[in-house]
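J.: Just one file: model28.cif, with mmCIF, C-alpha atoms.
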```cif
data_run
loop_
_atom_site.group_PDB
_atom_site.id
_atom_site.type_symbol
_atom_site.label_atom_id
_atom_site.label_comp_id
_atom_site.auth_asym_id
_atom_site.auth_seq_id
_atom_site.Cartn_x
_atom_site.Cartn_y
_atom_site.Cartn_z
ATOM 1 C CA MET A 37 0.000 0.000 0.000
ATOM 2 C CA MET A 38 2.832 2.383 0.907
ATOM 3 C CA LYS A 39 4.542 1.735 -2.451
ATOM 4 C CA LYS A 40 1.341 2.660 -4.309
ATOM 5 C CA LEU A 41 0.992 5.813 -2.254
ATOM 6 C CA LEU A 42 4.601 6.844 -2.935
ATOM 7 C CA ALA A 43 4.278 6.050 -6.630
ATOM 8 C CA SER A 44 1.060 8.070 -6.822
ATOM 9 C CA ALA A 45 2.726 11.010 -5.078
ATOM 10 C CA ALA A 46 5.718 10.864 -7.426
ATOM 11 C CA ILE A 47 3.487 10.769 -10.502
ATOM 12 C CA ALA A 48 1.307 13.583 -9.182
ATOM 13 C CA SER A 49 4.379 15.728 -8.499
ATOM 14 C CA ALA A 50 5.823 15.059 -11.917
ATOM 15 C CA LEU A 51 2.491 15.721 -13.589
ATOM 16 C CA SER A 52 2.067 19.024 -11.833
ATOM 17 C CA PHE A 53 5.619 19.946 -12.860
ATOM 18 C CA GLY A 54 4.882 18.985 -16.468
ATOM 19 C CA LEU A 55 1.618 20.872 -16.573
ATOM 20 C CA THR A 56 2.877 24.046 -14.942
ATOM 21 C CA ALA A 57 6.570 24.300 -15.683
ATOM 22 C CA PRO A 58 7.517 26.600 -18.514
ATOM 23 C CA ALA A 59 9.638 25.131 -21.243
ATOM 24 C CA ILE A 60 13.343 25.515 -20.678
ATOM 25 C CA ALA A 61 14.587 27.898 -23.442
ATOM 26 C CA ASP A 62 11.657 27.813 -25.797
ATOM 27 C CA ASP A 63 8.267 28.914 -24.506
ATOM 28 C CA SER A 64 6.518 26.886 -27.197
ATOM 29 C CA VAL A 65 7.935 23.541 -26.006
ATOM 30 C CA ASN A 66 7.040 21.727 -22.793
ATOM 31 C CA LEU A 67 9.578 18.946 -22.511
ATOM 32 C CA LEU A 68 7.229 16.409 -20.876
ATOM 33 C CA GLU A 69 4.470 17.081 -23.427
ATOM 34 C CA ASP A 70 6.499 17.635 -26.585
ATOM 35 C CA CYS A 71 9.606 15.466 -26.154
ATOM 36 C CA GLY A 72 10.502 11.875 -25.452
ATOM 37 C CA LEU A 73 8.589 8.685 -26.077
ATOM 38 C CA GLY A 74 5.372 10.062 -24.608
ATOM 39 C CA ALA A 75 5.185 12.811 -27.215
ATOM 40 C CA MET A 76 5.899 10.373 -30.027
ATOM 41 C CA ILE A 77 3.266 7.882 -28.932
ATOM 42 C CA PHE A 78 0.566 10.288 -27.741
ATOM 43 C CA LYS A 79 0.748 13.110 -30.288
ATOM 44 C CA ASP A 80 -2.831 14.255 -29.729
ATOM 45 C CA SER A 81 -2.951 13.919 -25.951
ATOM 46 C CA PRO A 82 -0.554 16.112 -23.969
ATOM 47 C CA THR A 83 -1.693 14.616 -20.664
ATOM 48 C CA ALA A 84 -1.088 11.075 -21.900
ATOM 49 C CA ALA A 85 2.330 12.153 -23.201
ATOM 50 C CA ILE A 86 3.238 13.544 -19.778
ATOM 51 C CA VAL A 87 1.986 10.454 -17.939
ATOM 52 C CA SER A 88 3.856 8.179 -20.342
ATOM 53 C CA ASN A 89 7.109 10.118 -19.975
ATOM 54 C CA VAL A 90 6.821 10.119 -16.190
ATOM 55 C CA ILE A 91 5.917 6.434 -15.906
ATOM 56 C CA TRP A 92 8.554 5.323 -18.407
ATOM 57 C CA ASP A 93 11.590 6.971 -16.815
ATOM 58 C CA LEU A 94 10.473 9.974 -14.759
ATOM 59 C CA GLY A 95 11.003 12.244 -17.777
ATOM 60 C CA THR A 96 14.685 11.456 -18.286
ATOM 61 C CA THR A 97 14.278 10.552 -21.967
ATOM 62 C CA ALA A 98 12.170 13.645 -22.604
ATOM 63 C CA THR A 99 14.760 15.841 -20.908
ATOM 64 C CA THR A 100 17.632 14.226 -22.778
ATOM 65 C CA THR A 101 15.804 14.649 -26.074
ATOM 66 C CA TYR A 102 15.115 18.292 -25.320
ATOM 67 C CA VAL A 103 18.734 18.998 -24.407
ATOM 68 C CA SER A 104 20.422 17.025 -27.198
ATOM 69 C CA SER A 105 17.916 17.420 -30.062
ATOM 70 C CA PRO A 106 15.331 20.098 -29.277
ATOM 71 C CA GLU A 107 14.293 20.244 -32.926
ATOM 72 C CA THR A 108 12.754 16.782 -32.536
ATOM 73 C CA CYS A 109 10.494 17.803 -29.677
ATOM 74 C CA ALA A 110 7.418 18.903 -31.566
ATOM 75 C CA GLY A 111 5.630 18.584 -34.859
ATOM 76 C CA ALA A 112 6.767 16.991 -38.074
ATOM 77 C CA LYS A 113 10.395 16.692 -37.060
ATOM 78 C CA ALA A 114 9.403 14.533 -34.120
ATOM 79 C CA GLU A 115 7.367 12.361 -36.468
ATOM 80 C CA VAL A 116 10.300 12.119 -38.878
ATOM 81 C CA ALA A 117 12.681 11.237 -36.043
ATOM 82 C CA MET A 118 10.330 8.457 -34.972
ATOM 83 C CA PHE A 119 9.874 7.304 -38.576
ATOM 84 C CA ILE A 120 13.657 7.150 -39.050
ATOM 85 C CA HIS A 121 13.998 5.205 -35.813
ATOM 86 C CA GLU A 122 11.341 2.701 -36.904
ATOM 87 C CA SER A 123 12.511 2.226 -40.499
ATOM 88 C CA TYR A 124 16.207 3.089 -40.505
ATOM 89 C CA GLU A 125 17.411 -0.047 -42.283
ATOM 90 C CA SER A 126 14.953 0.474 -45.171
ATOM 91 C CA LEU A 127 15.827 4.172 -45.376
ATOM 92 C CA GLU A 128 19.517 3.319 -45.459
ATOM 93 C CA GLN A 129 19.033 0.893 -48.361
ATOM 94 C CA GLU A 130 16.701 3.218 -50.252
ATOM 95 C CA THR A 131 19.055 6.163 -49.816
ATOM 96 C CA VAL A 132 21.904 4.167 -51.323
ATOM 97 C CA ALA A 133 19.594 3.130 -54.192
ATOM 98 C CA GLY A 134 18.296 6.682 -54.629
ATOM 99 C CA GLU A 135 14.613 5.804 -54.432
ATOM 100 C CA GLY A 136 12.028 4.051 -52.343
ATOM 101 C CA GLU A 137 8.689 4.293 -50.586
ATOM 102 C CA HIS A 138 10.215 5.030 -47.168
ATOM 103 C CA LEU A 139 12.167 7.983 -48.556
ATOM 104 C CA VAL A 140 9.037 9.364 -50.194
ATOM 105 C CA ALA A 141 6.990 8.841 -47.030
ATOM 106 C CA MET A 142 9.623 10.658 -44.986
ATOM 107 C CA LEU A 143 9.674 13.604 -47.398
ATOM 108 C CA ASN A 144 5.885 13.676 -47.312
ATOM 109 C CA LEU A 145 5.985 13.884 -43.497
ATOM 110 C CA LEU A 146 8.186 16.950 -43.937
ATOM 111 C CA GLU A 147 5.723 18.324 -46.501
ATOM 112 C CA CYS A 148 8.345 18.568 -49.221
ATOM 113 C CA ASP A 149 7.139 19.569 -52.667
ATOM 114 C CA ALA A 150 6.898 16.397 -54.770
ATOM 115 C CA ASN A 151 8.691 18.194 -57.612
ATOM 116 C CA ALA A 152 11.700 18.691 -55.305
ATOM 117 C CA HIS A 153 11.943 15.065 -54.106
ATOM 118 C CA GLU A 154 14.501 14.043 -56.716
ATOM 119 C CA GLU A 155 16.870 16.908 -55.866
ATOM 120 C CA ILE A 156 16.435 16.457 -52.108
ATOM 121 C CA ILE A 157 17.082 12.711 -52.350
ATOM 122 C CA SER A 158 20.168 13.376 -54.487
ATOM 123 C CA ASN A 159 21.542 15.746 -51.842
ATOM 124 C CA ILE A 160 20.688 13.310 -49.052
ATOM 125 C CA ARG A 161 22.538 10.571 -50.946
ATOM 126 C CA LYS A 162 25.652 12.730 -51.276
ATOM 127 C CA ASP A 163 25.744 13.572 -47.568
ATOM 128 C CA PHE A 164 24.869 10.044 -46.496
ATOM 129 C CA ALA A 165 27.653 8.669 -48.723
ATOM 130 C CA LEU A 166 30.077 10.798 -46.709
ATOM 131 C CA ASP A 167 28.739 9.259 -43.494
ATOM 132 C CA LEU A 168 29.026 5.746 -44.934
ATOM 133 C CA SER A 169 32.611 6.344 -46.036
ATOM 134 C CA ASP A 170 33.648 7.358 -42.521
ATOM 135 C CA LYS A 171 35.784 4.551 -41.101
ATOM 136 C CA SER A 172 33.923 4.689 -37.783
ATOM 137 C CA PHE A 173 30.460 4.285 -39.359
ATOM 138 C CA ASN A 174 30.305 0.508 -38.929
ATOM 139 C CA GLU A 175 31.328 0.838 -35.288
ATOM 140 C CA LYS A 176 28.420 3.159 -34.491
ATOM 141 C CA VAL A 177 25.436 1.790 -32.632
ATOM 142 C CA ARG A 178 22.036 2.025 -34.309
ATOM 143 C CA SER A 179 20.964 5.091 -32.318
ATOM 144 C CA GLU A 180 24.058 6.988 -33.504
ATOM 145 C CA LYS A 181 23.319 6.009 -37.091
ATOM 146 C CA THR A 182 19.689 7.101 -36.854
ATOM 147 C CA GLN A 183 20.701 10.426 -35.259
ATOM 148 C CA GLY A 184 23.248 10.975 -38.037
ATOM 149 C CA PHE A 185 20.655 10.162 -40.672
ATOM 150 C CA PHE A 186 18.195 12.568 -39.046
ATOM 151 C CA ASN A 187 20.858 15.276 -39.207
ATOM 152 C CA VAL A 188 21.423 14.578 -42.913
ATOM 153 C CA ILE A 189 17.686 14.823 -43.569
ATOM 154 C CA ASN A 190 17.397 17.973 -41.488
ATOM 155 C CA ALA A 191 20.235 19.630 -43.428
ATOM 156 C CA ASN A 192 18.780 18.727 -46.809
ATOM 157 C CA ALA A 193 15.052 19.318 -46.274
ATOM 158 C CA THR A 194 15.271 23.029 -45.553
ATOM 159 C CA SER A 195 12.942 23.844 -48.451
ATOM 160 C CA CYS A 196 10.183 21.628 -47.045
ATOM 161 C CA LYS A 197 7.224 23.244 -45.285
ATOM 162 C CA ALA A 198 7.599 21.254 -42.067
ATOM 163 C CA SER A 199 11.363 21.515 -41.719
#
```
Can you present the structure in this file as structure tokens?

T.:
Amino acid sequence: MMKKLLASAAIASALSFGLTAPAIADDSVNLLEDCGLGAMIFKDSPTAAIVSNVIWDLGTTATTTYVSSPETCAGAKAEVAMFIHESYESLEQETVAGEGEHLVAMLNLLECDANAHEEIISNIRKDFALDLSDKSFNEKVRSEKTQGFFNVINANATSCKAS
């Protein structure tokens, strides 16, 4: 019973922090609502996002995401980051090939003009080829590869509406 009471108190405290605390550097972003796994899973429910982030790891992942990659904390970029995480291997293969449904889906998430897809993919391929040629690439863990790929996309999708 005492464990349940303590857990409830911890969740209530974290929830009140998440609902009332201003975002740390950007007033438009609340790290427990807009960052971390909670925000990715519960896009349309800020309260569920907060609860999920608190229950999962007391907001550590949300905080880390906000500090290391604040651009992924809200909107289309968060969706793209999640999409890359879920389909990295396919995106890697399609990028090398220069075409594929995952690449198109990702550019659509970013609201890129369909007429610009070919040029954007070409630029992504060039930058990704540099990453692949780095001797340390094969030693990187998957999360480092997906972060690197996100950075390549972010650098090359500047003309897209949601970038």

J.: Mind giving me the straight-line distance from CA of Asp149 in chain A to CA of Ala133 in chain A in Å, one decimal?

T.: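 Atom-to-atom, CA of Asp149 in chain A to CA of Ala133 in chain A, that is 20.7 Å.
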
J.: In Å to one decimal, how far is CA of Thr194 in chain A from CA of Val132 in chain A?

T.: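 Computed distance, CA of Val132 in chain A to CA of Thr194 in chain A, equals 20.8 Å.
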
J.: Apply the PyMOL selection byres ((chain A and resi 92-106) around 6) to the structure shown and report the selected residues as a VMD selection string.

T.: chain A and resid 67 to 68 71 to 72 88 to 91 107 to 109

J.: Those same residues, written as a tab-separated table (two decimals), keeping the file's coordinate frame with C-alpha atoms?

T.:
```tsv
chain	number	residue	atom	x	y	z
A	67	LEU	CA	9.58	18.95	-22.51
A	68	LEU	CA	7.23	16.41	-20.88
A	71	CYS	CA	9.61	15.47	-26.15
A	72	GLY	CA	10.50	11.88	-25.45
A	88	SER	CA	3.86	8.18	-20.34
A	89	ASN	CA	7.11	10.12	-19.98
A	90	VAL	CA	6.82	10.12	-16.19
A	91	ILE	CA	5.92	6.43	-15.91
A	107	GLU	CA	14.29	20.24	-32.93
A	108	THR	CA	12.75	16.78	-32.54
A	109	CYS	CA	10.49	17.80	-29.68
```

J.: Quick one, how far is CA of Leu139 in chain A from CA of Asn159 in chain A?

T.: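 Result for CA of Leu139 in chain A versus CA of Asn159 in chain A: 12.6 Å, one decimal.
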
J.: Quick one: everything within 12 Å of Glu155 in chain A, counting only C-alpha atoms, minus sequence neighbours fewer than 5 positions away in the same chain. Send it as a PDB file with C-alpha atoms, in the coordinates of the input.

T.:
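Dumped to out_4.pdb:
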```pdb
ATOM      1  CA  GLY A 134      18.296   6.682 -54.629  1.00  0.00           C
ATOM      2  CA  GLU A 135      14.613   5.804 -54.432  1.00  0.00           C
ATOM      3  CA  LEU A 143       9.674  13.604 -47.398  1.00  0.00           C
ATOM      4  CA  CYS A 148       8.345  18.568 -49.221  1.00  0.00           C
ATOM      5  CA  ASP A 149       7.139  19.569 -52.667  1.00  0.00           C
ATOM      6  CA  ALA A 150       6.898  16.397 -54.770  1.00  0.00           C
ATOM      7  CA  ILE A 160      20.688  13.310 -49.052  1.00  0.00           C
ATOM      8  CA  ARG A 161      22.538  10.571 -50.946  1.00  0.00           C
ATOM      9  CA  LYS A 162      25.652  12.730 -51.276  1.00  0.00           C
ATOM     10  CA  ASN A 192      18.780  18.727 -46.809  1.00  0.00           C
ATOM     11  CA  ALA A 193      15.052  19.318 -46.274  1.00  0.00           C
ATOM     12  CA  SER A 195      12.942  23.844 -48.451  1.00  0.00           C
TER      13      SER A 195
END
```

J.: Can you give me N, CA and C atoms for range 149-182 of chain A, written as a short mmCIF file (atom, residue, chain, number, x, y, z; two decimals), in the frame of the given file?

T.:
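Contents of rebuild16.cif, freshly written:
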```cif
data_model
loop_
_atom_site.label_atom_id
_atom_site.label_comp_id
_atom_site.auth_asym_id
_atom_site.auth_seq_id
_atom_site.Cartn_x
_atom_site.Cartn_y
_atom_site.Cartn_z
N ASP A 149 7.79 19.51 -51.36
CA ASP A 149 7.14 19.57 -52.67
C ASP A 149 7.56 18.33 -53.47
N ALA A 150 6.61 17.62 -54.01
CA ALA A 150 6.90 16.40 -54.77
C ALA A 150 7.86 16.66 -55.92
N ASN A 151 7.79 17.85 -56.51
CA ASN A 151 8.69 18.19 -57.61
C ASN A 151 10.14 18.34 -57.14
N ALA A 152 10.35 18.52 -55.85
CA ALA A 152 11.70 18.69 -55.30
C ALA A 152 12.28 17.38 -54.75
N HIS A 153 11.48 16.32 -54.70
CA HIS A 153 11.94 15.06 -54.11
C HIS A 153 13.25 14.57 -54.73
N GLU A 154 13.33 14.59 -56.04
CA GLU A 154 14.50 14.04 -56.72
C GLU A 154 15.78 14.79 -56.30
N GLU A 155 15.71 16.11 -56.26
CA GLU A 155 16.87 16.91 -55.87
C GLU A 155 17.21 16.70 -54.39
N ILE A 156 16.19 16.66 -53.54
CA ILE A 156 16.43 16.46 -52.11
C ILE A 156 17.07 15.10 -51.87
N ILE A 157 16.53 14.07 -52.51
CA ILE A 157 17.08 12.71 -52.35
C ILE A 157 18.52 12.66 -52.85
N SER A 158 18.80 13.33 -53.96
CA SER A 158 20.17 13.38 -54.49
C SER A 158 21.12 14.00 -53.47
N ASN A 159 20.70 15.09 -52.85
CA ASN A 159 21.54 15.75 -51.84
C ASN A 159 21.70 14.89 -50.59
N ILE A 160 20.62 14.22 -50.20
CA ILE A 160 20.69 13.31 -49.05
C ILE A 160 21.69 12.19 -49.35
N ARG A 161 21.62 11.65 -50.56
CA ARG A 161 22.54 10.57 -50.95
C ARG A 161 24.00 11.01 -50.84
N LYS A 162 24.27 12.23 -51.32
CA LYS A 162 25.65 12.73 -51.28
C LYS A 162 26.15 12.83 -49.83
N ASP A 163 25.33 13.42 -48.97
CA ASP A 163 25.74 13.57 -47.57
C ASP A 163 25.82 12.23 -46.85
N PHE A 164 24.87 11.35 -47.14
CA PHE A 164 24.87 10.04 -46.50
C PHE A 164 26.07 9.21 -46.96
N ALA A 165 26.47 9.37 -48.22
CA ALA A 165 27.65 8.67 -48.72
C ALA A 165 28.89 9.08 -47.93
N LEU A 166 28.96 10.34 -47.54
CA LEU A 166 30.08 10.80 -46.71
C LEU A 166 30.06 10.09 -45.36
N ASP A 167 28.86 9.97 -44.77
CA ASP A 167 28.74 9.26 -43.49
C ASP A 167 29.17 7.80 -43.65
N LEU A 168 28.70 7.16 -44.72
CA LEU A 168 29.03 5.75 -44.93
C LEU A 168 30.52 5.53 -45.15
N SER A 169 31.19 6.50 -45.75
CA SER A 169 32.61 6.34 -46.04
C SER A 169 33.49 6.60 -44.81
N ASP A 170 32.91 7.13 -43.76
CA ASP A 170 33.65 7.36 -42.52
C ASP A 170 34.03 6.00 -41.93
N LYS A 171 35.29 5.84 -41.62
CA LYS A 171 35.78 4.55 -41.10
C LYS A 171 35.07 4.11 -39.83
N SER A 172 34.57 5.04 -39.05
CA SER A 172 33.92 4.69 -37.78
C SER A 172 32.44 4.36 -37.94
N PHE A 173 31.89 4.49 -39.16
CA PHE A 173 30.46 4.28 -39.36
C PHE A 173 30.00 2.91 -38.90
N ASN A 174 30.72 1.87 -39.28
CA ASN A 174 30.30 0.51 -38.93
C ASN A 174 30.42 0.21 -37.44
N GLU A 175 31.18 1.02 -36.73
CA GLU A 175 31.33 0.84 -35.29
C GLU A 175 30.22 1.55 -34.50
N LYS A 176 29.48 2.40 -35.17
CA LYS A 176 28.42 3.16 -34.49
C LYS A 176 27.26 2.23 -34.13
N VAL A 177 26.65 2.52 -32.99
CA VAL A 177 25.44 1.79 -32.63
C VAL A 177 24.27 2.37 -33.44
N ARG A 178 23.18 1.64 -33.49
CA ARG A 178 22.04 2.02 -34.31
C ARG A 178 21.54 3.43 -33.97
N SER A 179 21.48 3.78 -32.69
CA SER A 179 20.96 5.09 -32.32
C SER A 179 21.85 6.21 -32.86
N GLU A 180 23.16 5.99 -32.92
CA GLU A 180 24.06 6.99 -33.50
C GLU A 180 23.83 7.11 -35.01
N LYS A 181 23.58 5.99 -35.65
CA LYS A 181 23.32 6.01 -37.09
C LYS A 181 22.01 6.73 -37.39
N THR A 182 20.98 6.45 -36.60
CA THR A 182 19.69 7.10 -36.85
C THR A 182 19.78 8.60 -36.58
#
```
